[in-house]
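Enquirer: Before we start, here is the structure in question, set down as structure tokens.
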Amino acid sequence: MFEYRGVKITWLGHDGFRIQNGQVIYIDPYQIEKSEPKADLVLVSHEHFDHCSSDDLKKIVSAKTVLVAHAQSKGELSKLKVKELKIVKPGDKVSVGDTGIETVAAYNVNKFRAPGKPFHPKEDGKVGFVLSLKGVRIYHAGDTDNIPEMKSIRAEIALLPVSGTYVMTAQEAAEAVSVINPKVVIPMHYGAIVGGMSDVETLQKLVKCEVKVLEKER
């Protein structure tokens, strides 16, 4: 767990995080082992199984939980018994309790499943999130490459994928860091499905800001 100005950040593995600042916030929980604490707010970046996992969401949601999610996740998330489901697209701004949420684009520019067919097409409207929590801004990139939209992101903490194949490589993540200019970067999207510590080590060598490597919660 990493604490920054009173905001606690726990890595759940892959792209999953729990953020606590009074509220309990989860982002893209996948293959998590604990069912507590329950979520006040859950953010789902897109519909792929390793981001929109019903089995994992059932462990942490309750009748008091608000879900904020990309439109293509709606069918799966509608099965859950929660307080509210908010569907968002890039460029939206919503608030849940004391948490401000800005949605930003997340897509591939050079990662393809077949010629001309990116794993995460821009037209799908998949998202990343910028959270505002008691004056702290945290950017969770979702599954994305280094894209032009990152030039407008301002955040003290950036949660960035580093493993390549489906998302940014460590080199590309370092380039994104130079654009976003966070105080702290936390690598993600490694250790499950694709990527490993060598990607994290590459990022550490390439950036000047603090790279906080979190151990997966068990």
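Identifiers in this document derive from the order of the structure tokens: chains are assigned A, B, ..., residues are numbered from 1 separately in each chain, and ligands are numbered from 1 in order of occurrence.
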List every residue of region 16-147 of chain A that DSSP, applied to the backbone of this structure, places in strand (DSSP E), and write the result as JSON, numbers by chain.

Expert: {"A": [16, 17, 18, 19, 20, 24, 25, 26, 27, 41, 42, 43, 44, 66, 67, 68, 69, 70, 84, 85, 86, 87, 88, 93, 94, 95, 96, 99, 100, 101, 102, 103, 104, 105, 112, 113, 114, 117, 118, 127, 128, 129, 130, 131, 132, 133, 136, 137, 138, 139, 140]}

Enquirer: Distance table requested - region 34-134 of chain A against region 7-20 of chain A, cut-off 10 Å, only C-alpha atoms: one row per qualifying residue with the closest atom pair and its distance in Å to one decimal, ordered by chain and rising residue number, as JSON lines.

Expert:
```
{"residue": "A:Lys34", "atom": "CA", "partner": "A:Leu12", "partner_atom": "CA", "distance": 9.4}
{"residue": "A:Pro37", "atom": "CA", "partner": "A:Arg18", "partner_atom": "CA", "distance": 9.4}
{"residue": "A:Ala39", "atom": "CA", "partner": "A:Arg18", "partner_atom": "CA", "distance": 8.9}
{"residue": "A:Asp40", "atom": "CA", "partner": "A:Gln20", "partner_atom": "CA", "distance": 9.8}
{"residue": "A:Leu41", "atom": "CA", "partner": "A:Ile19", "partner_atom": "CA", "distance": 9.7}
{"residue": "A:Val42", "atom": "CA", "partner": "A:Arg18", "partner_atom": "CA", "distance": 9.1}
{"residue": "A:Leu43", "atom": "CA", "partner": "A:Phe17", "partner_atom": "CA", "distance": 9.9}
{"residue": "A:Val44", "atom": "CA", "partner": "A:Gly16", "partner_atom": "CA", "distance": 9.7}
{"residue": "A:Ser45", "atom": "CA", "partner": "A:Asp15", "partner_atom": "CA", "distance": 9.7}
{"residue": "A:Asp50", "atom": "CA", "partner": "A:His14", "partner_atom": "CA", "distance": 8.1}
{"residue": "A:His51", "atom": "CA", "partner": "A:Asp15", "partner_atom": "CA", "distance": 7.3}
{"residue": "A:Leu133", "atom": "CA", "partner": "A:Val7", "partner_atom": "CA", "distance": 7.6}
{"residue": "A:Lys134", "atom": "CA", "partner": "A:Val7", "partner_atom": "CA", "distance": 8.3}
```

Enquirer: So what do you get for CA of Thr65 (chain A) versus CA of Leu85 (chain A), distance-wise?

Expert: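 Computing it gives 8.8 Å between the two atoms.
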
Enquirer: Looking at A:Thr99, A:Asn21, A:Gln31, A:Ser62, which one is nearest to Ser132 (chain A), with distances taken over only C-alpha atoms?

Expert: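 So, comparing all the options, the nearest one is A:Thr99.
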
Enquirer: Let me make sure I understand: among A:Arg5, A:Lys58, A:Lys208, A:His189, which one has the smallest atom-to-atom distance to Glu33 (chain A) if we use only C-alpha atoms?

Expert: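 Selected residue with least distance to Glu33 (chain A): A:Lys58.
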
Enquirer: Any idea what's packed within 12 Å of Phe49 (chain A), counting only C-alpha atoms, ignoring anything in its chain fewer than 2 positions away? Could you give it as a CSV table (one decimal) with N, CA, C and O atoms, in the first residue's frame?

Expert:
```csv
chain,number,residue,atom,x,y,z
A,14,HIS,N,-2.5,-6.7,-11.9
A,14,HIS,CA,-2.9,-6.4,-13.2
A,14,HIS,C,-3.3,-4.9,-13.3
A,14,HIS,O,-2.4,-4.0,-13.0
A,15,ASP,N,-4.5,-4.5,-13.7
A,15,ASP,CA,-4.9,-3.0,-13.7
A,15,ASP,C,-5.7,-2.7,-12.5
A,15,ASP,O,-6.3,-1.6,-12.5
A,28,ASP,N,-11.2,-1.5,-11.9
A,28,ASP,CA,-10.9,-2.7,-12.7
A,28,ASP,C,-10.4,-3.9,-11.8
A,28,ASP,O,-9.3,-4.5,-12.2
A,29,PRO,N,-11.1,-4.3,-10.8
A,29,PRO,CA,-10.6,-5.4,-10.0
A,29,PRO,C,-10.7,-6.7,-10.8
A,29,PRO,O,-11.6,-7.0,-11.4
A,30,TYR,N,-9.6,-7.5,-10.7
A,30,TYR,CA,-9.5,-8.7,-11.4
A,30,TYR,C,-8.6,-9.7,-10.6
A,30,TYR,O,-7.5,-9.4,-10.2
A,31,GLN,N,-9.2,-10.9,-10.4
A,31,GLN,CA,-8.5,-12.0,-9.7
A,31,GLN,C,-8.1,-11.5,-8.3
A,31,GLN,O,-7.0,-11.8,-7.8
A,44,VAL,N,-15.0,1.0,-14.0
A,44,VAL,CA,-14.7,0.0,-15.0
A,44,VAL,C,-14.3,0.6,-16.3
A,44,VAL,O,-15.2,1.3,-16.9
A,45,SER,N,-13.1,0.4,-16.7
A,45,SER,CA,-12.6,1.2,-17.9
A,45,SER,C,-13.1,0.6,-19.2
A,45,SER,O,-13.3,1.4,-20.2
A,46,HIS,N,-13.4,-0.7,-19.3
A,46,HIS,CA,-13.9,-1.3,-20.5
A,46,HIS,C,-14.3,-2.7,-20.3
A,46,HIS,O,-14.2,-3.2,-19.2
A,47,GLU,N,-14.9,-3.3,-21.3
A,47,GLU,CA,-15.6,-4.6,-21.1
A,47,GLU,C,-14.8,-5.8,-21.1
A,47,GLU,O,-15.3,-6.9,-20.8
A,51,HIS,N,-11.0,-6.7,-16.9
A,51,HIS,CA,-11.3,-5.3,-16.4
A,51,HIS,C,-12.7,-5.3,-15.9
A,51,HIS,O,-13.0,-4.6,-14.9
A,52,CYS,N,-13.6,-6.0,-16.6
A,52,CYS,CA,-15.0,-6.0,-16.2
A,52,CYS,C,-15.3,-7.5,-15.8
A,52,CYS,O,-15.8,-8.3,-16.6
A,53,SER,N,-14.9,-7.9,-14.6
A,53,SER,CA,-15.0,-9.2,-14.1
A,53,SER,C,-16.1,-9.4,-13.1
A,53,SER,O,-16.0,-8.9,-11.9
A,54,SER,N,-17.2,-10.0,-13.5
A,54,SER,CA,-18.4,-10.1,-12.6
A,54,SER,C,-18.0,-10.9,-11.3
A,54,SER,O,-18.4,-10.6,-10.2
A,55,ASP,N,-17.2,-11.9,-11.5
A,55,ASP,CA,-16.8,-12.7,-10.3
A,55,ASP,C,-16.1,-11.9,-9.3
A,55,ASP,O,-16.3,-12.1,-8.1
A,56,ASP,N,-15.3,-11.0,-9.7
A,56,ASP,CA,-14.6,-10.1,-8.8
A,56,ASP,C,-15.4,-9.0,-8.2
A,56,ASP,O,-15.4,-8.7,-7.1
A,57,LEU,N,-16.3,-8.4,-9.1
A,57,LEU,CA,-17.1,-7.3,-8.7
A,57,LEU,C,-18.1,-7.8,-7.6
A,57,LEU,O,-18.4,-7.1,-6.7
A,72,GLN,N,-19.9,-0.3,-23.2
A,72,GLN,CA,-19.9,-1.7,-23.6
A,72,GLN,C,-19.9,-2.7,-22.4
A,72,GLN,O,-20.0,-3.9,-22.6
A,73,SER,N,-19.7,-2.2,-21.2
A,73,SER,CA,-19.7,-3.0,-20.0
A,73,SER,C,-21.1,-3.1,-19.4
A,73,SER,O,-21.4,-3.8,-18.4
A,76,GLU,N,-23.1,-6.6,-18.7
A,76,GLU,CA,-22.5,-7.4,-17.7
A,76,GLU,C,-22.8,-6.7,-16.3
A,76,GLU,O,-23.2,-7.4,-15.3
A,77,LEU,N,-22.6,-5.4,-16.2
A,77,LEU,CA,-22.8,-4.8,-14.9
A,77,LEU,C,-24.2,-4.6,-14.5
A,77,LEU,O,-24.5,-4.5,-13.3
A,193,ILE,N,-1.3,-12.3,-17.4
A,193,ILE,CA,-1.6,-12.2,-18.8
A,193,ILE,C,-0.3,-11.9,-19.6
A,193,ILE,O,0.1,-12.7,-20.5
```

Enquirer: Taking the backbone alone, and naming residues the way the document does, which bits of region 1-217 of chain A are alpha helix (DSSP H) by DSSP, as number ranges by chain?

Expert: A: 54-60, 74-77, 170-180, 197-206

Enquirer: Measuring atom to atom with only C-alpha atoms, identify which of A:Lys111, A:Arg137, A:Lys59, A:Phe129 is nearest to Asp92 (chain A).

Expert: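 Closest to Asp92 (chain A), using only C-alpha atoms: A:Phe129.
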
Enquirer: Would you mind reading off the distance between CA of Ala155 (chain A) and CA of Glu215 (chain A), one decimal, in Å?

Expert: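 One can read the CA of Ala155 (chain A) to CA of Glu215 (chain A) distance as 22.2 Å.
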
Enquirer: Would you kindly return, as a ChimeraX atom specification, each protein, DNA or RNA residue with an atom no farther than 6 Å from any atom of Ile138 (chain A), considering only C-alpha atoms and excluding same-chain residues fewer than 4 positions away?

Expert: /A:130-131,155,157-158

Enquirer: Could those residues be written to a file, using C-alpha atoms, as an mmCIF file, in the first residue's frame?

Expert:
```
data_model
loop_
_atom_site.group_PDB
_atom_site.id
_atom_site.type_symbol
_atom_site.label_atom_id
_atom_site.label_comp_id
_atom_site.auth_asym_id
_atom_site.auth_seq_id
_atom_site.Cartn_x
_atom_site.Cartn_y
_atom_site.Cartn_z
ATOM 1 C CA VAL A 130 -8.685 11.074 -13.582
ATOM 2 C CA LEU A 131 -9.848 11.101 -9.969
ATOM 3 C CA ALA A 155 -2.214 14.451 -12.166
ATOM 4 C CA ILE A 157 -0.011 10.220 -9.542
ATOM 5 C CA ALA A 158 -0.179 8.253 -12.800
#
```

Enquirer: Need the shell around Glu201 (chain A): protein/DNA/RNA residues with any atom at most 10 Å away, counting only C-alpha atoms. Skip same-chain ones fewer than 4 positions apart. Format as a list of chain:residue names?

Expert: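 The residues satisfying every condition are A:Ala170, A:Pro187, A:Gly196, A:Met197, A:Lys205, A:Leu206, A:Val211, A:Val213.
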
Enquirer: Tell me, in Å to one decimal, how far CA of Ser78 (chain A) is from CA of Pro121 (chain A).

Expert: 23.5 Å

Enquirer: Between A:Lys183, A:Lys64, A:Lys126, A:His140, which has the minimum distance to Gly91 (chain A) (counting only C-alpha atoms)?

Expert: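 Counting only C-alpha atoms, the residue closest to Gly91 (chain A) is A:Lys126.
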
Enquirer: Report as a list of chain:residue names all protein, DNA and RNA residues lying within 7 Å of Asn146 (chain A), evaluated on only C-alpha atoms, omitting residues in the same chain fewer than 5 positions from it.

Expert: A:Met168, A:Glu172, A:Ala173, A:Ala176

Enquirer: Excluding Ile180 (chain A) and any residue of its chain fewer than 5 positions from it, enumerate the residues within 10 Å of it, using only C-alpha atoms, and give them as a CSV table (one decimal) with N, CA, C and O atoms, in the first residue's frame.

Expert:
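Written out: around_27.csv:
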```
chain,number,residue,atom,x,y,z
A,139,TYR,N,-4.4,9.6,-12.1
A,139,TYR,CA,-4.8,9.2,-13.4
A,139,TYR,C,-4.6,7.7,-13.6
A,139,TYR,O,-3.5,7.2,-13.4
A,150,MET,N,-3.3,12.6,-23.8
A,150,MET,CA,-2.5,12.7,-22.5
A,150,MET,C,-1.9,14.0,-22.3
A,150,MET,O,-1.6,14.4,-21.1
A,151,LYS,N,-1.8,14.8,-23.3
A,151,LYS,CA,-1.2,16.2,-23.2
A,151,LYS,C,-2.0,17.1,-22.3
A,151,LYS,O,-1.5,18.0,-21.7
A,152,SER,N,-3.3,16.8,-22.2
A,152,SER,CA,-4.2,17.6,-21.4
A,152,SER,C,-4.4,17.1,-19.9
A,152,SER,O,-5.1,17.7,-19.1
A,153,ILE,N,-3.8,16.0,-19.6
A,153,ILE,CA,-4.0,15.3,-18.3
A,153,ILE,C,-3.0,16.0,-17.3
A,153,ILE,O,-1.8,16.1,-17.5
A,154,ARG,N,-3.6,16.3,-16.1
A,154,ARG,CA,-2.8,16.9,-15.0
A,154,ARG,C,-3.0,16.0,-13.8
A,154,ARG,O,-4.2,15.9,-13.4
A,155,ALA,N,-2.0,15.3,-13.3
A,155,ALA,CA,-2.2,14.5,-12.2
A,155,ALA,C,-0.9,14.3,-11.4
A,155,ALA,O,0.2,14.3,-12.0
A,156,GLU,N,-1.0,14.2,-10.1
A,156,GLU,CA,0.2,14.0,-9.3
A,156,GLU,C,0.7,12.6,-9.4
A,156,GLU,O,1.8,12.3,-9.3
A,157,ILE,N,-0.3,11.7,-9.5
A,157,ILE,CA,0.0,10.2,-9.5
A,157,ILE,C,-0.6,9.6,-10.8
A,157,ILE,O,-1.7,9.9,-11.2
A,158,ALA,N,0.3,8.9,-11.6
A,158,ALA,CA,-0.2,8.3,-12.8
A,158,ALA,C,0.0,6.7,-12.7
A,158,ALA,O,1.1,6.2,-12.4
A,174,ALA,N,7.2,5.6,-20.5
A,174,ALA,CA,8.1,6.7,-20.1
A,174,ALA,C,7.9,7.9,-20.9
A,174,ALA,O,8.0,9.1,-20.4
A,175,GLU,N,7.6,7.8,-22.2
A,175,GLU,CA,7.3,8.9,-23.0
A,175,GLU,C,6.0,9.6,-22.5
A,175,GLU,O,5.9,10.8,-22.5
```
